[in-house]
Each structure stands twice: as structure tokens, then as C-alpha cells.
$ cat input_4.txt   # compact mmCIF, C-alpha atoms and all ligand atoms
# COMPACT_ATOMS: atom_id res chain seq x y z
CA LEU A 1 -107.30 -16.67 42.31
CA GLY A 2 -104.09 -15.81 40.46
CA ALA A 3 -102.56 -12.38 40.24
CA GLY A 4 -101.51 -10.36 37.21
CA PRO A 5 -103.29 -8.16 34.67
CA LEU A 6 -105.05 -11.14 33.06
CA ALA A 7 -106.16 -12.80 36.30
CA GLY A 8 -109.59 -14.34 35.87
CA ARG A 9 -109.51 -14.00 32.06
CA HIS A 10 -109.86 -16.99 29.77
CA VAL A 11 -107.76 -16.89 26.61
CA LEU A 12 -107.47 -19.44 23.82
CA VAL A 13 -104.29 -20.14 21.86
CA THR A 14 -103.93 -22.45 18.86
CA SER A 15 -100.45 -23.68 18.00
CA GLY A 16 -98.39 -26.13 16.00
CA PRO A 17 -98.99 -27.77 12.64
CA THR A 18 -101.87 -30.03 11.72
CA HIS A 19 -101.49 -33.53 10.31
CA GLU A 20 -103.87 -34.49 7.53
CA PRO A 21 -104.05 -38.27 6.99
CA ILE A 22 -103.48 -39.94 3.63
CA ASP A 23 -104.06 -43.39 5.10
CA PRO A 24 -103.65 -44.81 8.64
CA VAL A 25 -99.83 -44.56 8.51
CA ARG A 26 -99.20 -41.52 6.29
CA TYR A 27 -100.02 -37.84 6.56
CA ILE A 28 -99.42 -34.38 5.12
CA ALA A 29 -97.81 -31.93 7.54
CA ASN A 30 -95.88 -28.65 7.57
CA ARG A 31 -92.73 -27.31 9.21
CA SER A 32 -94.36 -25.39 12.08
CA SER A 33 -92.52 -26.18 15.34
CA GLY A 34 -95.17 -24.65 17.61
CA ALA A 35 -92.46 -22.57 19.30
CA GLN A 36 -94.14 -19.17 18.91
CA GLY A 37 -97.61 -20.36 19.94
CA THR A 38 -96.16 -22.17 22.96
CA ALA A 39 -94.28 -19.05 24.04
CA ILE A 40 -97.45 -16.96 23.70
CA ALA A 41 -99.46 -19.39 25.84
CA ALA A 42 -96.73 -19.30 28.51
CA ALA A 43 -96.57 -15.49 28.45
CA LEU A 44 -100.37 -15.19 28.82
CA ARG A 45 -100.25 -17.68 31.70
CA ASP A 46 -97.51 -15.59 33.33
CA LEU A 47 -99.85 -12.57 33.24
CA GLY A 48 -102.41 -14.60 35.18
CA ALA A 49 -104.70 -15.77 32.36
CA ARG A 50 -106.47 -19.10 32.32
CA VAL A 51 -105.16 -20.48 29.01
CA SER A 52 -106.75 -23.12 26.77
CA PHE A 53 -103.98 -24.36 24.48
CA VAL A 54 -105.19 -26.25 21.42
CA THR A 55 -102.17 -27.77 19.74
CA GLY A 56 -101.39 -29.92 16.74
CA PRO A 57 -98.43 -32.34 16.82
CA ALA A 58 -95.71 -29.80 17.70
CA ALA A 59 -91.95 -30.28 18.04
CA VAL A 60 -91.83 -28.46 21.39
CA PRO A 61 -93.72 -29.56 24.52
CA PRO A 62 -96.72 -27.52 25.69
CA PRO A 63 -96.18 -25.11 28.59
CA ALA A 64 -97.03 -26.11 32.15
CA GLY A 65 -99.98 -24.50 33.83
CA VAL A 66 -102.30 -24.35 30.83
CA THR A 67 -105.17 -26.60 29.72
CA VAL A 68 -103.77 -28.60 26.81
CA VAL A 69 -106.03 -30.05 24.11
CA ARG A 70 -104.08 -32.16 21.62
CA VAL A 71 -105.44 -32.54 18.10
CA GLU A 72 -104.16 -33.83 14.80
CA THR A 73 -106.28 -32.52 11.97
CA ALA A 74 -107.65 -29.08 11.12
CA ARG A 75 -111.18 -30.34 11.64
CA GLU A 76 -110.29 -31.65 15.09
CA MET A 77 -108.70 -28.27 15.87
CA ALA A 78 -111.88 -26.47 14.76
CA ASP A 79 -113.98 -28.69 17.03
CA ALA A 80 -111.60 -28.22 19.98
CA VAL A 81 -111.65 -24.45 19.53
CA ALA A 82 -115.45 -24.40 19.44
CA ALA A 83 -115.52 -26.51 22.62
CA ALA A 84 -113.03 -24.25 24.41
CA LEU A 85 -114.99 -21.04 23.75
CA PRO A 86 -116.09 -18.66 25.18
CA ALA A 87 -112.86 -16.78 25.73
CA GLU A 88 -112.08 -13.11 26.08
CA ALA A 89 -109.19 -13.28 23.63
CA ALA A 90 -108.15 -15.86 21.05
CA VAL A 91 -104.74 -16.10 19.42
CA PHE A 92 -104.50 -18.29 16.32
CA ALA A 93 -100.83 -19.17 16.00
CA ALA A 94 -101.36 -22.64 14.52
CA ALA A 95 -100.16 -23.43 11.00
CA VAL A 96 -103.38 -25.09 9.91
CA ALA A 97 -103.31 -27.14 6.72
CA ASP A 98 -105.37 -25.40 4.05
CA TRP A 99 -106.38 -28.72 2.52
CA ARG A 100 -107.06 -32.24 3.74
CA VAL A 101 -107.00 -35.41 1.65
CA ALA A 102 -110.59 -35.99 0.58
CA ASN A 103 -110.00 -39.58 -0.49
CA ALA A 104 -107.91 -40.73 2.50
CA ALA A 105 -107.79 -44.54 2.61
CA GLY A 106 -109.14 -46.52 5.56
CA GLN A 107 -106.38 -49.12 5.17
CA LYS A 108 -102.70 -48.68 4.32
CA MET A 109 -102.35 -47.98 0.63
CA LYS A 110 -100.35 -50.64 -1.25
CA LYS A 111 -98.40 -50.74 -4.44
CA ASP A 112 -100.48 -52.98 -6.68
CA GLY A 113 -97.55 -54.18 -8.83
CA THR A 114 -98.78 -52.51 -12.01
CA GLY A 115 -96.91 -49.24 -11.47
CA ARG A 116 -100.19 -47.36 -11.23
CA LEU A 117 -99.84 -44.30 -8.98
CA PRO A 118 -102.32 -43.18 -6.35
CA ALA A 119 -104.10 -39.88 -7.01
CA LEU A 120 -104.80 -37.74 -3.98
CA GLU A 121 -107.83 -35.51 -4.04
CA PHE A 122 -108.08 -32.52 -1.74
CA ALA A 123 -110.85 -30.73 0.12
CA GLU A 124 -110.58 -27.32 1.76
CA ASN A 125 -110.31 -27.25 5.54
CA PRO A 126 -112.43 -24.92 7.67
CA ASP A 127 -110.76 -21.56 8.32
CA ILE A 128 -110.81 -21.55 12.12
CA LEU A 129 -109.61 -17.97 12.54
CA ALA A 130 -112.14 -16.55 10.05
CA THR A 131 -114.95 -18.58 11.58
CA VAL A 132 -114.27 -17.31 15.10
CA ALA A 133 -113.59 -13.75 13.93
CA ARG A 134 -117.00 -13.67 12.21
CA MET A 135 -118.98 -15.21 15.06
CA GLY A 136 -121.78 -12.93 16.20
CA GLU A 137 -122.68 -13.71 19.76
CA GLY A 138 -119.85 -15.28 21.73
CA ARG A 139 -117.05 -13.77 19.65
CA PRO A 140 -113.95 -13.17 21.75
CA ARG A 141 -113.39 -9.46 22.31
CA LEU A 142 -109.96 -9.73 20.76
CA VAL A 143 -109.20 -12.11 17.87
CA VAL A 144 -105.57 -12.30 16.77
CA GLY A 145 -104.36 -14.06 13.63
CA PHE A 146 -100.92 -14.75 12.25
CA ALA A 147 -99.56 -14.27 8.76
CA ALA A 148 -96.39 -15.80 7.40
CA GLU A 149 -95.24 -13.67 4.49
CA THR A 150 -92.14 -13.64 2.33
CA GLU A 151 -92.67 -10.24 0.65
CA SER A 152 -94.78 -7.06 0.97
CA VAL A 153 -95.38 -8.10 4.57
CA GLU A 154 -97.36 -5.06 5.64
CA ALA A 155 -99.63 -4.91 2.57
CA HIS A 156 -100.36 -8.63 2.56
CA ALA A 157 -101.00 -8.75 6.30
CA THR A 158 -103.27 -5.71 6.20
CA ALA A 159 -105.31 -7.37 3.46
CA LYS A 160 -105.40 -10.58 5.49
CA ARG A 161 -106.71 -8.73 8.55
CA ALA A 162 -109.67 -7.46 6.50
CA ARG A 163 -110.26 -10.79 4.77
CA LYS A 164 -110.29 -12.79 8.00
CA GLY A 165 -112.26 -10.25 10.01
CA CYS A 166 -109.86 -10.40 12.96
CA ASP A 167 -108.72 -7.52 15.15
CA TRP A 168 -104.96 -7.94 14.88
CA ILE A 169 -102.58 -9.76 12.60
CA VAL A 170 -99.11 -10.71 13.78
CA ALA A 171 -97.14 -10.85 10.55
CA ASN A 172 -93.87 -12.79 10.35
CA ASP A 173 -91.29 -12.29 7.66
CA VAL A 174 -90.41 -15.89 6.83
CA SER A 175 -88.28 -15.16 3.78
CA PRO A 176 -85.60 -17.75 3.11
CA GLY A 177 -82.42 -16.72 4.89
CA THR A 178 -84.20 -15.12 7.86
CA GLY A 179 -83.93 -18.40 9.80
CA ILE A 180 -87.27 -17.62 11.43
CA MET A 181 -89.17 -20.76 10.46
CA GLY A 182 -88.05 -23.23 13.12
CA GLY A 183 -85.61 -20.72 14.60
CA ALA A 184 -85.48 -18.97 17.98
CA GLU A 185 -86.09 -15.44 16.72
CA ASN A 186 -88.92 -13.65 15.01
CA ALA A 187 -89.34 -10.42 13.03
CA VAL A 188 -92.88 -9.25 13.53
CA THR A 189 -95.14 -6.51 12.22
CA LEU A 190 -98.30 -6.02 14.29
CA ILE A 191 -101.29 -4.92 12.19
CA THR A 192 -104.18 -3.34 14.11
CA ALA A 193 -107.04 -1.02 13.19
CA ASP A 194 -104.57 1.82 13.76
CA GLY A 195 -102.03 0.60 11.23
CA ALA A 196 -98.75 -1.30 11.21
CA GLU A 197 -96.08 -1.45 13.93
CA VAL A 198 -92.73 -2.91 12.97
CA TRP A 199 -91.18 -4.61 15.98
CA PRO A 200 -87.42 -5.13 16.10
CA ARG A 201 -86.15 -8.64 15.54
CA MET A 202 -86.15 -10.43 18.90
CA GLY A 203 -86.48 -13.86 20.47
CA LYS A 204 -89.80 -15.68 20.14
CA ASP A 205 -90.15 -15.47 23.94
CA ALA A 206 -89.75 -11.70 23.81
CA VAL A 207 -92.32 -11.45 20.98
CA ALA A 208 -94.67 -13.52 23.12
CA ARG A 209 -94.21 -11.33 26.21
CA ARG A 210 -94.73 -8.15 24.21
CA LEU A 211 -97.85 -9.55 22.54
CA ALA A 212 -99.24 -10.80 25.86
CA ALA A 213 -98.71 -7.36 27.40
CA ARG A 214 -100.58 -5.77 24.48
CA ILE A 215 -103.42 -8.25 24.89
CA ALA A 216 -103.65 -7.44 28.61
CA GLU A 217 -103.76 -3.74 27.76
CA ALA A 218 -106.51 -4.29 25.16
CA LEU A 219 -108.65 -6.28 27.60
CA SER A 220 -108.18 -3.90 30.52
O1 LIG B 1 -104.18 -16.87 5.14
P1 LIG B 1 -103.69 -17.90 6.13
O2 LIG B 1 -104.62 -19.07 6.20
O3 LIG B 1 -102.26 -18.26 5.96
O4 LIG B 1 -103.78 -17.14 7.55
C1 LIG B 1 -103.10 -17.65 8.64
C2 LIG B 1 -103.91 -17.41 9.89
O5 LIG B 1 -105.16 -18.08 9.81
C3 LIG B 1 -103.24 -17.98 11.12
O6 LIG B 1 -103.61 -17.20 12.25
C4 LIG B 1 -103.83 -19.38 11.22
O7 LIG B 1 -103.77 -19.90 12.53
C5 LIG B 1 -105.24 -19.14 10.76
N1 LIG B 1 -105.88 -20.28 10.07
C6 LIG B 1 -106.91 -20.98 10.70
N2 LIG B 1 -107.53 -22.02 10.04
C7 LIG B 1 -107.15 -22.35 8.79
C8 LIG B 1 -106.11 -21.65 8.15
C9 LIG B 1 -105.49 -20.63 8.82
O8 LIG B 1 -107.23 -20.69 11.86
N3 LIG B 1 -107.76 -23.35 8.16
$ encode --input "input_4.txt" --output "C-alpha cells"
Amino acid sequence: LGAGPLAGRHVLVTSGPTHEPIDPVRYIANRSSGAQGTAIAAALRDLGARVSFVTGPAAVPPPAGVTVVRVETAREMADAVAAALPAEAAVFAAAVADWRVANAAGQKMKKDGTGRLPALEFAENPDILATVARMGEGRPRLVVGFAAETESVEAHATAKRARKGCDWIVANDVSPGTGIMGGAENAVTLITADGAEVWPRMGKDAVARRLAARIAEALS
């Protein structure tokens, strides 16, 4: 058995973007690199946890020493999360697409020569964080969500914590000019039942280590 404050504990981390198909060769995506979620999984592993890492198509490779489950769509991520539970803590760092294409084509869409344009229809994806946070039996003891905000970070993240039913929200200020989206640093406010903690701007690895230490403390 491993050592460390999280030895013997199973924790789940979601990370990366999702890809939502339009047809077999096209998809809708977002700019999430997966860097923060990957760093969190590595930091939890370093504290001795057994980590299930459910990741969309990320720009950075998954950490060594964790159980990696690769998915593409939000619905696949929801299924993989359900299959990976139970866990004592779950951290939802993935940038899950809010909508999928409801009328995705089974074959590559073609220009038909008339100039007529395709019309995409959308359907709402399952909210994985809210679903897990509101589970009765089998709910992880600690459910952590993320919030990317560009203004009123604390107020918006506090409202999100209540709306999602999770224990903590890690709020990022992703305003243009911060360089945080896709960058190496993060500026985080941690929202808990006790209020808001503004953390100094630091590297994503340092954010991950600090969050992992807090998770270990909460589970101890
Ligand atoms: O309000 P918003 O959806 O942006 O909240 C983001 C948080 O919710 C993140 O923790 C993200 O991983 C999670 N989420 C999710 N499933 C979704 C949408 C968001 O788990 N479909």
C-alpha cells in the first residue's frame, strides 16, 4: 500500500474539453488544455490517492500512475464517471460542452451545390457535476466543481456552488489579458461553506498541490 495522507483513498478527477460531433469528421470543442485537471490528478496521486482520471481530448498527456479513462463527448464522460464511482472525493475540472449537436449526421455532410446551408440543432448535455453532487447514496464525501468567470468572480462562484449542490467551487478568473486560459498560471478563489478564500496567483501545479492538500485535510 502507498504512503501519504490519501493512501487507500479513491478520488475521481475529470479533465479536458469534450468533443461533440457534428458528423463523423467534424466536432464542436473548446479551448480547455486539461493542464489544471492533469496537475490536480498528479498532486492527488503524490499524496497517495488512487486516482481515476476521466479525460476528454486534452492537449497535455495524462499523468503517470493514475487510471486513465479517455472519452470524447459529455455523455461518454457522464457514463465513465458513473462507472468510476464510488469515490471519496470527486474533482470536476473538465470543461464539459453545455450542448451537443442533436442532429449530428451519420455520414460526412456535403455541400449539395445549391448553396443551402446546414442548420445545427442543439440538445443540452447532462450536468455531470450537479448529478454527482445531488446523488443520495454513494455521493462522494467531497464534491469539487470549477467555475471560469470573467467578472464578479466571488458572487458568481458562490451562486454556482449553491446551484450545483457541490461542497467547494474552485473559481478561476479567466478575463481576457490574464493569460490563464491555456497558460501556466492560475488565479483562484476557493468557495466553501465557510466563504471565499482568494489565493495568490501561482502556477497551475502549485494550485493543484494546494488543492490536493486541502482535500486530504477534508477527508482526514
Ligand atoms: O456552470 P458551469 O457548467 O460552467 O460549471 C462548471 C462546472 O461544472 C465544472 O466543474 C464542470 O466540470 C462542471 N460541469 C459538468 N458537466 C457539465 C457542465 C459542467 O460536470 N455538463
$ atom_distance --input "input_4.txt" --atom1 "atom CA of Arg210 of chain A" --atom2 "atom CA of Leu142 of chain A"
15.7 Å
$ residues_near_ligand --input "input_4.txt" --ligand "ligand LIG 1 (chain B)" --cutoff "9 Å" --atoms "all atoms listed in the file" --output "VMD selection string"
chain A and resid 14 to 16 74 to 75 77 to 78 91 to 99 124 to 132 144 to 149 157 160 to 161 163 to 164 169 to 170
$ closest_residue --input "input_4.txt" --among "A:Leu6, A:Ser175, A:Val60, A:Gly65" --to "Ala212 of chain A" --atoms "only C-alpha atoms"
A:Leu6
$ atom_distance --input "input_4.txt" --atom1 "atom CA of Met181 of chain A" --atom2 "atom CA of Asp79 of chain A"
26.9 Å
$ closest_residue --input "input_4.txt" --among "A:Glu137, A:Ala58, A:Ala89, A:Ser220" --to "Asp167 of chain A" --atoms "all atoms listed in the file"
A:Ala89
$ residues_around --input "input_4.txt" --residues "Val101 of chain A" --least-positions-apart "4" --cutoff "9 Å" --atoms "all atoms listed in the file" --output "PyMOL selection string"
chain A and resi 20-22+27-28+120-124
$ atom_distance --input "input_4.txt" --atom1 "atom CA of Pro17 of chain A" --atom2 "atom CA of Ala133 of chain A"
20.3 Å
$ closest_residue --input "input_4.txt" --among "A:Glu151, A:Asn30, A:Pro200, A:Arg116" --to "Ala59 of chain A" --atoms "only C-alpha atoms"
A:Asn30
$ residues_around --input "input_4.txt" --residues "Ala119 of chain A" --least-positions-apart "5" --cutoff "12 Å" --atoms "all atoms listed in the file" --output "list in words"
Ile22, Val101, Ala102, Asn103, Ala104, Ala105 and Met109 of chain A
$ closest_residue --input "input_4.txt" --among "A:Glu88, A:Glu76, A:Gly179, A:Asp23" --to "Lys110 of chain A" --atoms "only C-alpha atoms"
A:Asp23
$ residues_around --input "input_4.txt" --residues "Val69 of chain A" --least-positions-apart "4" --cutoff "9 Å" --atoms "all atoms listed in the file" --output "list in words"
Ser52, Phe53, Val54, Thr55, Gly56, Met77 and Ala80 of chain A
$ write_last_selection --input "input_4.txt" --atoms "C-alpha atoms" --output "PDB file, in the frame of the given file"
ATOM      1  CA  SER A  52    -106.750 -23.120  26.770  1.00  0.00           C
ATOM      2  CA  PHE A  53    -103.980 -24.360  24.480  1.00  0.00           C
ATOM      3  CA  VAL A  54    -105.190 -26.250  21.420  1.00  0.00           C
ATOM      4  CA  THR A  55    -102.170 -27.770  19.740  1.00  0.00           C
ATOM      5  CA  GLY A  56    -101.390 -29.920  16.740  1.00  0.00           C
ATOM      6  CA  MET A  77    -108.700 -28.270  15.870  1.00  0.00           C
ATOM      7  CA  ALA A  80    -111.600 -28.220  19.980  1.00  0.00           C
TER       8      ALA A  80
END
$ closest_residue --input "input_4.txt" --among "A:Val13, A:Gln36, A:Gly136, A:Gly113" --to "Val188 of chain A" --atoms "all atoms listed in the file"
A:Gln36
$ closest_residue --input "input_4.txt" --among "A:Arg9, A:His19, A:Ser33, A:Asp46" --to "Arg209 of chain A" --atoms "all atoms listed in the file"
A:Asp46
